[in-house]
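Source file: model35.cif (mmCIF, C-alpha atoms and all ligand atoms)
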```
data_input
#
loop_
_atom_site.label_atom_id
_atom_site.label_comp_id
_atom_site.auth_asym_id
_atom_site.auth_seq_id
_atom_site.Cartn_x
_atom_site.Cartn_y
_atom_site.Cartn_z
CA MET D 98 -27.10 33.83 7.98
CA HIS D 99 -29.41 31.01 6.97
CA ALA D 100 -33.19 31.03 6.81
CA THR D 101 -33.63 28.11 9.25
CA LYS D 102 -31.74 26.32 12.03
CA THR D 103 -31.65 23.18 9.88
CA LEU D 104 -29.88 25.06 7.08
CA ALA D 105 -27.40 26.49 9.61
CA GLU D 106 -26.72 22.96 10.88
CA ALA D 107 -26.33 21.67 7.31
CA ASP D 108 -23.80 24.47 6.68
CA ARG D 109 -21.86 23.47 9.82
CA LEU D 110 -21.75 19.83 8.77
CA MET D 111 -20.71 20.60 5.19
CA THR D 112 -17.90 22.80 6.56
CA VAL D 113 -16.68 19.95 8.80
CA CYS D 114 -16.97 17.45 5.93
CA ASN D 115 -15.15 19.79 3.57
CA SER D 116 -12.14 19.70 5.91
CA CYS D 117 -12.34 15.93 6.33
CA ARG D 118 -13.38 14.62 2.89
CA TYR D 119 -13.21 11.00 4.03
CA CYS D 120 -16.58 10.20 2.40
CA GLU D 121 -15.90 11.66 -1.03
CA GLY D 122 -16.24 8.30 -2.80
CA LEU D 123 -19.64 7.43 -1.32
CA CYS D 124 -22.02 9.50 -3.43
CA ALA D 125 -22.48 12.74 -5.39
CA VAL D 126 -23.04 14.91 -2.30
CA PHE D 127 -19.41 15.02 -1.20
CA PRO D 128 -17.81 15.80 -4.60
CA ALA D 129 -20.46 18.54 -5.11
CA MET D 130 -19.67 19.89 -1.62
CA GLU D 131 -15.94 19.96 -2.41
CA MET D 132 -16.60 22.31 -5.33
CA ARG D 133 -17.67 24.97 -2.80
CA ARG D 134 -16.02 26.89 0.01
CA SER D 135 -19.22 28.38 1.43
CA PHE D 136 -22.83 27.25 1.30
CA SER D 137 -25.82 29.43 0.50
CA ASP D 138 -29.36 28.23 1.28
CA GLY D 139 -29.69 27.28 -2.40
CA ASP D 140 -26.42 25.28 -2.31
CA LEU D 141 -27.65 23.37 0.73
CA ALA D 142 -31.01 22.63 -0.92
CA TYR D 143 -29.08 21.33 -3.94
CA LEU D 144 -26.79 19.11 -1.84
CA ALA D 145 -29.75 17.85 0.21
CA ASN D 146 -31.64 16.83 -2.92
CA LEU D 147 -28.59 14.92 -4.16
CA CYS D 148 -28.64 12.83 -0.97
CA HIS D 149 -30.41 9.44 -1.22
CA ASN D 150 -30.31 8.86 2.54
CA CYS D 151 -28.37 5.59 2.23
CA GLY D 152 -26.86 6.25 5.67
CA ALA D 153 -23.33 5.12 4.73
CA CYS D 154 -21.63 8.39 5.69
CA TYR D 155 -23.14 8.20 9.21
CA TYR D 156 -21.63 4.77 9.91
CA ASP D 157 -18.31 5.65 8.24
CA CYS D 158 -17.94 8.91 10.15
CA GLN D 159 -15.51 9.16 13.05
CA PHE D 160 -17.33 12.32 14.18
CA SER D 161 -20.86 10.92 14.36
CA PRO D 162 -22.56 10.82 17.80
CA PRO D 163 -21.51 10.39 20.56
CA HIS D 164 -18.55 12.42 19.24
CA GLU D 165 -18.86 16.06 20.29
CA PHE D 166 -18.87 17.19 16.62
CA ASN D 167 -22.24 15.42 16.34
CA VAL D 168 -21.95 14.89 12.58
CA ASN D 169 -25.08 13.25 11.18
CA VAL D 170 -25.18 14.11 7.49
CA PRO D 171 -28.06 11.77 6.44
CA ALA D 172 -30.52 13.06 9.07
CA VAL D 173 -29.70 16.74 8.58
CA LEU D 174 -29.80 16.53 4.77
CA ALA D 175 -33.11 14.62 4.98
CA LYS D 176 -34.51 17.47 7.09
CA THR D 177 -33.09 20.08 4.72
CA GLN D 178 -34.59 18.22 1.76
CA HIS D 179 -38.00 18.07 3.43
CA GLN D 180 -37.89 21.81 4.16
CA SER D 181 -36.91 22.52 0.55
CA TYR D 182 -40.14 20.88 -0.68
CA ALA D 183 -42.16 23.29 1.46
CA HIS D 184 -39.96 26.27 0.57
CA TYR D 185 -40.43 25.80 -3.19
CA ALA D 186 -44.08 24.74 -3.07
CA TRP D 187 -46.38 26.57 -5.46
CA PRO D 188 -48.56 28.35 -4.55
CA SER D 189 -46.68 29.17 -1.36
CA ALA D 190 -49.94 29.03 0.64
CA PHE D 191 -49.63 25.22 0.37
CA ALA D 192 -46.14 25.11 1.93
CA GLY D 193 -47.70 24.27 5.32
CA VAL D 194 -49.11 20.94 4.10
CA PHE D 195 -45.60 19.45 4.24
CA ALA D 196 -45.61 19.86 8.03
CA ARG D 197 -48.64 17.52 8.49
CA ASN D 198 -48.30 15.73 5.19
CA GLY D 199 -49.61 12.32 6.27
CA LEU D 200 -52.82 13.91 7.53
CA PHE D 201 -53.15 16.10 4.41
CA ILE D 202 -52.73 13.17 2.00
CA ALA D 203 -55.13 10.98 4.03
CA LEU D 204 -57.81 13.72 4.08
CA ALA D 205 -57.37 14.52 0.38
CA THR D 206 -57.69 10.83 -0.51
CA ALA D 207 -60.70 10.27 1.74
CA LEU D 208 -62.47 13.35 0.32
CA SER D 209 -61.70 12.43 -3.27
CA VAL D 210 -62.88 8.83 -2.86
CA ALA D 211 -66.01 10.02 -1.00
CA ALA D 212 -66.76 12.55 -3.78
CA PHE D 213 -66.48 9.92 -6.53
CA LEU D 214 -68.58 7.41 -4.58
CA ALA D 215 -71.23 10.05 -3.79
CA GLY D 216 -71.23 11.22 -7.41
CA PHE D 217 -71.72 7.67 -8.72
CA VAL D 218 -74.53 7.00 -6.22
CA ALA D 219 -76.24 10.33 -6.96
CA TRP D 220 -76.05 10.07 -10.76
CA HIS D 221 -76.98 6.44 -11.25
CA ASP D 222 -79.91 4.33 -10.21
CA PRO D 223 -78.93 1.13 -8.34
CA ALA D 224 -79.59 -0.99 -11.44
CA THR D 225 -76.91 0.89 -13.38
CA LEU D 226 -74.44 1.27 -10.50
CA PHE D 227 -74.60 -2.41 -9.53
CA GLY D 228 -75.30 -3.72 -13.02
CA THR D 229 -72.91 -5.78 -15.10
CA HIS D 230 -71.37 -3.71 -17.88
CA VAL D 231 -69.24 -5.37 -20.52
CA GLY D 232 -67.88 -4.54 -23.95
CA PRO D 233 -66.42 -1.32 -25.39
CA GLY D 234 -67.41 1.81 -23.45
CA ALA D 235 -68.52 -0.13 -20.32
CA PHE D 236 -66.70 2.28 -17.97
CA TYR D 237 -68.17 5.31 -19.72
CA ARG D 238 -71.69 4.20 -18.90
CA LEU D 239 -70.81 5.18 -15.32
CA LEU D 240 -68.61 8.20 -16.05
CA PRO D 241 -68.66 9.70 -19.57
CA HIS D 242 -65.27 9.73 -21.29
CA ASN D 243 -65.28 13.51 -21.82
CA MET D 244 -65.92 14.07 -18.09
CA MET D 245 -63.04 11.71 -17.24
CA VAL D 246 -60.69 13.60 -19.58
CA LEU D 247 -61.80 16.94 -18.14
CA LEU D 248 -61.32 15.86 -14.50
CA PHE D 249 -58.09 13.91 -14.82
CA GLY D 250 -56.53 16.02 -17.58
CA GLY D 251 -57.23 19.14 -15.46
CA ALA D 252 -55.77 17.60 -12.27
CA PHE D 253 -52.69 16.34 -14.11
CA LEU D 254 -52.15 19.69 -15.84
CA TYR D 255 -52.41 21.48 -12.49
CA ALA D 256 -49.82 19.12 -10.98
CA ILE D 257 -47.40 19.76 -13.86
CA VAL D 258 -47.80 23.54 -13.59
CA ALA D 259 -47.40 23.58 -9.77
CA ILE D 260 -44.33 21.32 -9.86
CA GLY D 261 -42.92 23.39 -12.76
CA PHE D 262 -43.16 26.61 -10.72
CA GLY D 263 -41.51 24.87 -7.76
CA ILE D 264 -38.60 23.65 -9.90
CA ARG D 265 -38.23 27.12 -11.41
CA SER D 266 -37.76 28.64 -7.90
CA PHE D 267 -35.33 25.86 -6.93
CA TRP D 268 -33.33 26.36 -10.11
CA ARG D 269 -33.12 30.12 -9.53
CA ASP D 270 -32.11 29.61 -5.90
CA ILE D 271 -29.25 27.29 -6.76
CA GLY D 272 -28.06 29.87 -9.32
CA GLU D 273 -28.25 27.59 -12.35
CA PRO D 274 -29.10 29.00 -15.80
CA THR D 275 -32.14 27.55 -17.57
CA ALA D 276 -29.84 26.50 -20.44
CA THR D 277 -28.58 23.62 -18.23
CA LEU D 278 -32.04 22.06 -18.45
CA ARG D 279 -31.49 21.83 -22.21
CA ASP D 280 -27.99 20.34 -21.92
CA PRO D 281 -28.41 16.87 -23.48
CA THR D 282 -25.19 15.45 -21.96
CA ALA D 283 -26.13 16.55 -18.44
CA ILE D 284 -29.70 15.30 -18.86
CA GLY D 285 -28.52 11.97 -20.29
CA SER D 286 -26.15 11.49 -17.36
CA ALA D 287 -28.88 12.39 -14.84
CA ILE D 288 -31.30 9.94 -16.48
CA ARG D 289 -28.72 7.14 -16.21
CA ASP D 290 -28.00 7.95 -12.53
CA ALA D 291 -31.69 8.24 -11.63
CA ALA D 292 -32.68 5.12 -13.60
CA ARG D 293 -30.33 2.90 -11.62
CA LEU D 294 -30.45 4.86 -8.34
CA ARG D 295 -26.69 5.08 -8.52
CA TYR D 296 -26.25 6.93 -5.24
CA LEU D 297 -28.43 4.69 -3.10
CA ASP D 298 -25.69 2.08 -2.95
CA GLY D 299 -23.68 3.58 -0.08
CA GLY D 300 -20.55 3.67 -2.21
CA GLY D 301 -21.09 0.07 -3.37
CA ALA D 302 -22.00 -1.71 -0.14
CA GLY D 303 -25.75 -0.97 -0.20
CA CYS D 304 -28.22 0.97 1.91
CA MET D 305 -27.59 0.88 5.67
CA ASN D 306 -30.16 -0.66 8.04
CA GLU D 307 -30.74 -0.63 11.78
CA ASN D 308 -28.21 -3.39 12.40
CA ALA D 309 -25.60 -1.41 10.39
CA LYS D 310 -25.68 -4.15 7.75
CA PRO D 311 -25.89 -2.78 4.22
CA THR D 312 -28.35 -4.36 1.75
CA ASP D 313 -29.67 -3.55 -1.70
CA THR D 314 -33.31 -4.29 -0.86
CA ARG D 315 -34.36 -0.65 -0.66
CA ARG D 316 -32.99 -0.03 -4.13
CA ILE D 317 -34.71 -3.14 -5.55
CA TYR D 318 -38.10 -2.18 -4.07
CA HIS D 319 -37.67 1.41 -5.21
CA HIS D 320 -37.00 0.14 -8.75
CA LEU D 321 -40.15 -2.01 -8.65
CA THR D 322 -42.16 1.00 -7.46
CA PHE D 323 -40.66 3.47 -9.93
CA TYR D 324 -40.83 1.22 -12.99
CA GLY D 325 -44.24 -0.06 -11.93
CA PHE D 326 -45.45 3.56 -11.82
CA LEU D 327 -43.92 4.26 -15.25
CA LEU D 328 -45.59 1.18 -16.75
CA CYS D 329 -48.97 2.24 -15.31
CA PHE D 330 -48.44 5.69 -16.80
CA ALA D 331 -47.51 4.07 -20.14
CA SER D 332 -50.70 1.97 -19.88
CA THR D 333 -52.85 5.12 -19.50
CA SER D 334 -50.98 6.83 -22.35
CA THR D 335 -51.42 3.90 -24.75
CA ALA D 336 -55.09 3.62 -23.76
CA THR D 337 -55.47 7.30 -24.77
CA LEU D 338 -53.85 6.52 -28.15
CA TYR D 339 -56.14 3.50 -28.58
CA HIS D 340 -59.15 5.72 -27.88
CA TYR D 341 -58.28 8.71 -30.06
CA LEU D 342 -56.13 7.20 -32.83
CA LEU D 343 -57.63 3.73 -33.24
CA GLY D 344 -61.16 4.56 -32.09
CA LEU D 345 -61.10 1.63 -29.61
CA GLN D 346 -62.87 2.16 -26.29
CA ALA D 347 -61.91 0.71 -22.89
CA PRO D 348 -62.10 -1.77 -21.29
CA TYR D 349 -59.61 -3.69 -23.41
CA SER D 350 -58.90 -7.40 -23.59
CA TRP D 351 -56.17 -8.80 -21.37
CA TRP D 352 -53.80 -9.21 -24.35
CA ASP D 353 -54.11 -5.52 -25.41
CA LEU D 354 -51.08 -3.34 -24.70
CA PRO D 355 -52.77 -0.99 -22.14
CA VAL D 356 -53.88 -3.99 -20.04
CA LEU D 357 -50.54 -5.80 -20.30
CA LEU D 358 -48.62 -2.67 -19.29
CA GLY D 359 -51.09 -1.87 -16.50
CA THR D 360 -51.00 -5.43 -15.13
CA VAL D 361 -47.21 -5.71 -15.02
CA GLY D 362 -46.91 -2.13 -13.70
CA GLY D 363 -49.66 -2.71 -11.12
CA ILE D 364 -47.93 -5.84 -9.78
CA GLY D 365 -44.65 -3.89 -9.48
CA LEU D 366 -46.58 -1.13 -7.75
CA VAL D 367 -47.90 -3.62 -5.19
CA ILE D 368 -44.64 -5.47 -4.43
CA GLY D 369 -42.43 -2.34 -4.51
CA PRO D 370 -44.36 -0.20 -1.98
CA ILE D 371 -44.88 -3.18 0.40
CA GLY D 372 -41.12 -3.82 0.26
CA LEU D 373 -40.37 -0.14 0.82
CA LEU D 374 -42.64 -0.09 3.87
CA ALA D 375 -40.89 -3.16 5.28
CA ALA D 376 -37.46 -1.66 4.49
CA LYS D 377 -38.50 1.56 6.23
CA TRP D 378 -39.15 -0.26 9.50
CA ARG D 379 -35.67 -1.73 9.37
CA ARG D 380 -33.92 1.63 8.97
CA ASP D 381 -31.87 3.08 11.79
CA PRO D 382 -33.98 5.97 13.21
CA ALA D 383 -30.73 7.87 13.82
CA VAL D 384 -30.25 8.56 10.08
CA LEU D 385 -33.88 9.52 9.39
CA ASP D 386 -35.80 12.78 9.68
CA GLU D 387 -38.67 11.79 11.95
CA THR D 388 -40.75 14.83 10.84
CA ARG D 389 -41.16 13.39 7.32
CA TYR D 390 -42.30 9.93 8.41
CA GLY D 391 -45.96 10.73 7.69
CA MET D 392 -45.11 12.09 4.23
CA ASP D 393 -43.04 9.05 3.28
CA VAL D 394 -45.59 6.50 4.50
CA ALA D 395 -48.59 8.38 3.05
CA PHE D 396 -47.01 8.41 -0.41
CA ILE D 397 -46.18 4.71 -0.30
CA LEU D 398 -49.72 3.87 0.86
CA MET D 399 -51.20 6.09 -1.83
CA LEU D 400 -49.25 4.19 -4.52
CA LEU D 401 -50.33 0.91 -2.97
CA LEU D 402 -54.00 1.97 -2.96
CA THR D 403 -53.71 3.02 -6.61
CA SER D 404 -52.34 -0.36 -7.69
CA PHE D 405 -54.69 -2.41 -5.46
CA THR D 406 -57.83 -0.64 -6.67
CA GLY D 407 -56.60 -0.75 -10.30
CA LEU D 408 -55.89 -4.49 -10.20
CA ALA D 409 -59.18 -5.17 -8.38
CA LEU D 410 -61.02 -3.22 -11.09
CA LEU D 411 -59.23 -5.24 -13.78
CA ALA D 412 -60.09 -8.54 -12.13
CA LEU D 413 -63.76 -7.71 -11.39
CA ARG D 414 -64.65 -5.38 -14.26
CA ALA D 415 -67.19 -7.80 -15.72
CA THR D 416 -69.07 -8.20 -12.41
CA PRO D 417 -71.61 -6.03 -10.53
CA ALA D 418 -68.72 -4.74 -8.35
CA MET D 419 -67.30 -2.74 -11.27
CA GLY D 420 -69.22 0.49 -10.54
CA ILE D 421 -68.03 0.83 -6.94
CA LEU D 422 -64.49 -0.30 -7.82
CA LEU D 423 -64.31 2.25 -10.64
CA ALA D 424 -65.39 5.04 -8.23
CA LEU D 425 -62.79 3.89 -5.68
CA HIS D 426 -59.97 3.69 -8.24
CA LEU D 427 -60.80 7.02 -9.84
CA GLY D 428 -61.04 8.68 -6.41
CA VAL D 429 -57.59 7.41 -5.43
CA VAL D 430 -55.99 8.35 -8.76
CA PHE D 431 -57.57 11.83 -8.66
CA ALA D 432 -56.17 12.35 -5.14
CA LEU D 433 -52.76 11.11 -6.33
CA PHE D 434 -52.76 13.68 -9.14
CA ILE D 435 -53.85 16.71 -7.12
CA THR D 436 -51.51 15.95 -4.22
CA MET D 437 -48.48 15.26 -6.44
CA PRO D 438 -46.96 18.76 -5.95
CA TYR D 439 -47.54 18.58 -2.18
CA GLY D 440 -46.13 15.21 -1.17
CA LYS D 441 -43.25 12.78 -1.52
CA PHE D 442 -43.75 12.58 -5.28
CA VAL D 443 -41.70 15.78 -5.70
CA HIS D 444 -38.57 14.09 -4.32
CA GLY D 445 -37.98 12.46 -7.70
CA ILE D 446 -38.31 15.77 -9.58
CA TYR D 447 -35.98 17.77 -7.29
CA ARG D 448 -33.48 14.92 -7.19
CA PHE D 449 -33.45 14.68 -10.96
CA ALA D 450 -32.88 18.45 -11.26
CA ALA D 451 -30.02 18.20 -8.74
CA LEU D 452 -28.50 15.30 -10.72
CA VAL D 453 -28.64 17.38 -13.93
CA ARG D 454 -26.73 20.16 -12.20
CA TYR D 455 -24.26 17.71 -10.69
CA ALA D 456 -23.59 16.15 -14.11
CA LYS D 457 -22.84 19.57 -15.55
CA GLU D 458 -20.58 20.58 -12.63
CA HIS D 459 -18.79 17.25 -12.68
CA ARG D 460 -18.12 17.54 -16.40
CA ALA D 461 -16.84 21.12 -16.01
CA LEU D 462 -14.50 19.98 -13.24
CA GLY D 463 -13.18 17.17 -15.44
CA THR D 464 -12.54 19.62 -18.26
CA ALA D 465 -10.74 22.06 -15.91
CA ALA D 466 -8.65 19.27 -14.41
CA SER D 467 -7.52 17.96 -17.76
CA GLY D 468 -6.79 21.49 -19.00
CA PRO D 469 -7.68 23.12 -22.29
CA PRO D 470 -7.06 21.10 -25.44
CA ASN D 471 -3.74 21.77 -27.19
S1 LIG D 501 -19.42 12.48 7.29
FE1 LIG D 501 -17.74 12.42 8.77
S2 LIG D 501 -16.19 11.09 7.86
FE2 LIG D 501 -17.60 11.70 6.22
S3 LIG D 501 -16.66 13.52 5.31
FE3 LIG D 501 -18.10 14.23 6.88
S4 LIG D 501 -16.88 14.45 8.71
FE4 LIG D 501 -15.71 13.20 7.31
S1 LIG D 502 -26.58 9.39 3.33
FE1 LIG D 502 -25.67 8.34 1.57
S2 LIG D 502 -26.35 9.61 -0.18
FE2 LIG D 502 -26.62 10.86 1.66
S3 LIG D 502 -24.73 12.04 1.87
FE3 LIG D 502 -24.47 10.17 3.10
S4 LIG D 502 -23.46 8.71 1.71
FE4 LIG D 502 -24.31 10.35 0.46
#
```

Show how you would write the structure in this file as structure tokens.
Ligand code: SF4
Ligand code: SF4
Amino acid sequence: MHATKTLAEADRLMTVCNSCRYCEGLCAVFPAMEMRRSFSDGDLAYLANLCHNCGACYYDCQFSPPHEFNVNVPAVLAKTQHQSYAHYAWPSAFAGVFARNGLFIALATALSVAAFLAGFVAWHDPATLFGTHVGPGAFYRLLPHNMMVLLFGGAFLYAIVAIGFGIRSFWRDIGEPTATLRDPTAIGSAIRDAARLRYLDGGGAGCMNENAKPTDTRRIYHHLTFYGFLLCFASTSTATLYHYLLGLQAPYSWWDLPVLLGTVGGIGLVIGPIGLLAAKWRRDPAVLDETRYGMDVAFILMLLLTSFTGLALLALRATPAMGILLALHLGVVFALFITMPYGKFVHGIYRFAALVRYAKEHRALGTAASGPPN
């Protein structure tokens, strides 16, 4: 017995696929499936989080609709994956936000931006808010550095703790010992697979679109988004080092490392999400889970808002628009942090954990196949 109808359907499909095995070269899902004869809810959550929704197995399948077997692995695993985010959410009271995720993210962002704008208007007279602030510490004349650290450090810490509890439940459910998370070979392999999105290539042809023509565009835009996000994170981290280790206060000159990293990352985080949105419209609805559309789009738009407001702040920081732009950017980033455990952001964390497990299983299988050393 499975906890939901979606899990029962995923079990049925994995049982059919396990007899067929035609798709075993396409991605990690099928080899991981072949290591099992039955599928617990945890196994199905693990397989679902290995799936990159490239769609290849739907088009390759001789049993996909209108065949009576009705095999649609991408759509059912996408649904299973979506449900797993809610199932492992911490605290569990927030599980429901995955059902109306687009609305939740939009409200959280609107409230956060409104709170920062209201705070700036309430705490500053118009001359300060709309004044021109330049030189070291210009931003902190509108929001003191200690307050910024308290607000954003607290929100980020909360996100890490909430995601950590979610991963702990997932890890327990899939029956994996915590020692695997310290296995350097498995982690190294998972990092390599995640860094190049190895399993989004549909077995080499690319990601499938509405016209059943595979392309690599989704992978390229995902790379721009992911590495753009990492560069922006690196920019914030180096700015923190500049502040505490070198005693240099923001805003920095355009040639300083935090600005260079933030600019390149911000541009990637504009082009990538726009490309992902465009690629989304070209996907075949048959391979998608329509219930997660709001979640997917809300996350992409949230990343886009973060980069747009950040780049606008960089461009206009020495003008009277800086105060309002700073409030807007901080409001968006704060919303991004606090909603991280309850939106599409978690897909990267669960997928990485699944890839770590897959690397360990795959290695164990290789060892068993080659037999013990003489
Ligand atoms: S998706 Fe279809 S073709 Fe591929 S393994 Fe499953 S049943 Fe076979
Ligand atoms: S949609 Fe792509 S990644 Fe997912 S199971 Fe099918 S082939 Fe694998």

How would you write, as a PDB file with C-alpha atoms, in the frame of the given file, the set of residues no farther than 9 Å from ligand LIG 501 (chain D) when counting only C-alpha atoms and all ligand atoms?
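Output contents, as saved in selection.pdb:
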```pdb
ATOM      1  CA  LEU D 110     -21.750  19.830   8.770  1.00  0.00           C
ATOM      2  CA  MET D 111     -20.710  20.600   5.190  1.00  0.00           C
ATOM      3  CA  THR D 112     -17.900  22.800   6.560  1.00  0.00           C
ATOM      4  CA  VAL D 113     -16.680  19.950   8.800  1.00  0.00           C
ATOM      5  CA  CYS D 114     -16.970  17.450   5.930  1.00  0.00           C
ATOM      6  CA  ASN D 115     -15.150  19.790   3.570  1.00  0.00           C
ATOM      7  CA  SER D 116     -12.140  19.700   5.910  1.00  0.00           C
ATOM      8  CA  CYS D 117     -12.340  15.930   6.330  1.00  0.00           C
ATOM      9  CA  ARG D 118     -13.380  14.620   2.890  1.00  0.00           C
ATOM     10  CA  TYR D 119     -13.210  11.000   4.030  1.00  0.00           C
ATOM     11  CA  CYS D 120     -16.580  10.200   2.400  1.00  0.00           C
ATOM     12  CA  GLU D 121     -15.900  11.660  -1.030  1.00  0.00           C
ATOM     13  CA  LEU D 123     -19.640   7.430  -1.320  1.00  0.00           C
ATOM     14  CA  PHE D 127     -19.410  15.020  -1.200  1.00  0.00           C
ATOM     15  CA  ALA D 153     -23.330   5.120   4.730  1.00  0.00           C
ATOM     16  CA  CYS D 154     -21.630   8.390   5.690  1.00  0.00           C
ATOM     17  CA  TYR D 155     -23.140   8.200   9.210  1.00  0.00           C
ATOM     18  CA  TYR D 156     -21.630   4.770   9.910  1.00  0.00           C
ATOM     19  CA  ASP D 157     -18.310   5.650   8.240  1.00  0.00           C
ATOM     20  CA  CYS D 158     -17.940   8.910  10.150  1.00  0.00           C
ATOM     21  CA  GLN D 159     -15.510   9.160  13.050  1.00  0.00           C
ATOM     22  CA  PHE D 160     -17.330  12.320  14.180  1.00  0.00           C
ATOM     23  CA  SER D 161     -20.860  10.920  14.360  1.00  0.00           C
ATOM     24  CA  PHE D 166     -18.870  17.190  16.620  1.00  0.00           C
ATOM     25  CA  VAL D 168     -21.950  14.890  12.580  1.00  0.00           C
ATOM     26  CA  ASN D 169     -25.080  13.250  11.180  1.00  0.00           C
ATOM     27  CA  VAL D 170     -25.180  14.110   7.490  1.00  0.00           C
ATOM     28  CA  PRO D 171     -28.060  11.770   6.440  1.00  0.00           C
TER      29      PRO D 171
END
```

> If you count only C-alpha atoms and all ligand atoms, which residues end up within 8 Å of ligand LIG 502 (chain D), as a ChimeraX atom specification?
Replying inline: /D:120,123-127,145,147-155,170-172,174,296-300,304,384

>> as a PyMOL selection string, please: the residues near Leu410 of chain D (cut-off 7 Å, all atoms listed in the file, same-chain neighbours under 4 positions excluded).
In response: chain D and resi 406+414+419+422-423

> Counting all atoms listed in the file, what is within 10 Å of Val258 of chain D, bar same-chain residues fewer than 5 positions away, as a ChimeraX atom specification?
Replying inline: /D:187,253,263-264,438

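Proximity of D:Tyr455, D:Phe405, D:Trp351, D:Tyr182 to Met132 of chain D, computed with all atoms listed in the file, is greatest for D:Tyr455.
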
> Could you pull the residues within 10 Å of Thr101 of chain D, counting all atoms listed in the file, minus those fewer than 6 positions along the same chain, as a ChimeraX atom specification?
Replying inline: /D:107,138,177,180

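With only C-alpha atoms as the atoms that count, the residue of D:Ala212, D:Leu400, D:Ala283, D:Leu354 with the shortest distance to Ala461 of chain D is D:Ala283.
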
> Mind listing as an NGL selection string all residues within 12 Å of (-47.8, -5.2, -12.6), counting all atoms listed in the file?
Replying inline: :D and (321-332 or 355-369 or 401 or 403-405 or 407-408 or 411)

>> When you count all atoms listed in the file, which of these residues is closest to Asp381 of chain D: D:Thr314, D:Thr282, D:Asn306, D:Thr416?
In response: D:Asn306

Taking (-42.2, 3.5, 2.3) in the file's coordinates, which residues come within 12 Å, counting only C-alpha atoms, written as an mmCIF file with C-alpha atoms, in the frame of the given file?
```cif
data_model
loop_
_atom_site.group_PDB
_atom_site.id
_atom_site.type_symbol
_atom_site.label_atom_id
_atom_site.label_comp_id
_atom_site.auth_asym_id
_atom_site.auth_seq_id
_atom_site.Cartn_x
_atom_site.Cartn_y
_atom_site.Cartn_z
ATOM 1 C CA ARG D 315 -34.360 -0.650 -0.660
ATOM 2 C CA ARG D 316 -32.990 -0.030 -4.130
ATOM 3 C CA TYR D 318 -38.100 -2.180 -4.070
ATOM 4 C CA HIS D 319 -37.670 1.410 -5.210
ATOM 5 C CA THR D 322 -42.160 1.000 -7.460
ATOM 6 C CA LEU D 366 -46.580 -1.130 -7.750
ATOM 7 C CA VAL D 367 -47.900 -3.620 -5.190
ATOM 8 C CA ILE D 368 -44.640 -5.470 -4.430
ATOM 9 C CA GLY D 369 -42.430 -2.340 -4.510
ATOM 10 C CA PRO D 370 -44.360 -0.200 -1.980
ATOM 11 C CA ILE D 371 -44.880 -3.180 0.400
ATOM 12 C CA GLY D 372 -41.120 -3.820 0.260
ATOM 13 C CA LEU D 373 -40.370 -0.140 0.820
ATOM 14 C CA LEU D 374 -42.640 -0.090 3.870
ATOM 15 C CA ALA D 375 -40.890 -3.160 5.280
ATOM 16 C CA ALA D 376 -37.460 -1.660 4.490
ATOM 17 C CA LYS D 377 -38.500 1.560 6.230
ATOM 18 C CA TRP D 378 -39.150 -0.260 9.500
ATOM 19 C CA ARG D 379 -35.670 -1.730 9.370
ATOM 20 C CA ARG D 380 -33.920 1.630 8.970
ATOM 21 C CA ARG D 389 -41.160 13.390 7.320
ATOM 22 C CA TYR D 390 -42.300 9.930 8.410
ATOM 23 C CA GLY D 391 -45.960 10.730 7.690
ATOM 24 C CA MET D 392 -45.110 12.090 4.230
ATOM 25 C CA ASP D 393 -43.040 9.050 3.280
ATOM 26 C CA VAL D 394 -45.590 6.500 4.500
ATOM 27 C CA ALA D 395 -48.590 8.380 3.050
ATOM 28 C CA PHE D 396 -47.010 8.410 -0.410
ATOM 29 C CA ILE D 397 -46.180 4.710 -0.300
ATOM 30 C CA LEU D 398 -49.720 3.870 0.860
ATOM 31 C CA MET D 399 -51.200 6.090 -1.830
ATOM 32 C CA LEU D 400 -49.250 4.190 -4.520
ATOM 33 C CA LEU D 401 -50.330 0.910 -2.970
ATOM 34 C CA LYS D 441 -43.250 12.780 -1.520
ATOM 35 C CA PHE D 442 -43.750 12.580 -5.280
#
```

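What separates atom CA of Phe236 of chain D from atom CA of Phe217 of chain D is a distance of 11.8 Å.
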
> What is the distance between atom CA of Ile421 of chain D and atom CA of Thr333 of chain D, in Å to one decimal?
Replying inline: 20.2 Å

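With all atoms listed in the file as the atoms that count, the residue of D:Lys457, D:Arg109, D:Arg238, D:Arg279 with the shortest distance to Leu141 of chain D is D:Arg109.
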
>> Quick one: residues within 7 Å of segment 198-211 of chain D, all atoms listed in the file, excluding same-chain residues fewer than 3 positions away - as a PyMOL selection string?
In response: chain D and resi 194-195+214-215+391-392+395+425+428-429+431-432+436+440
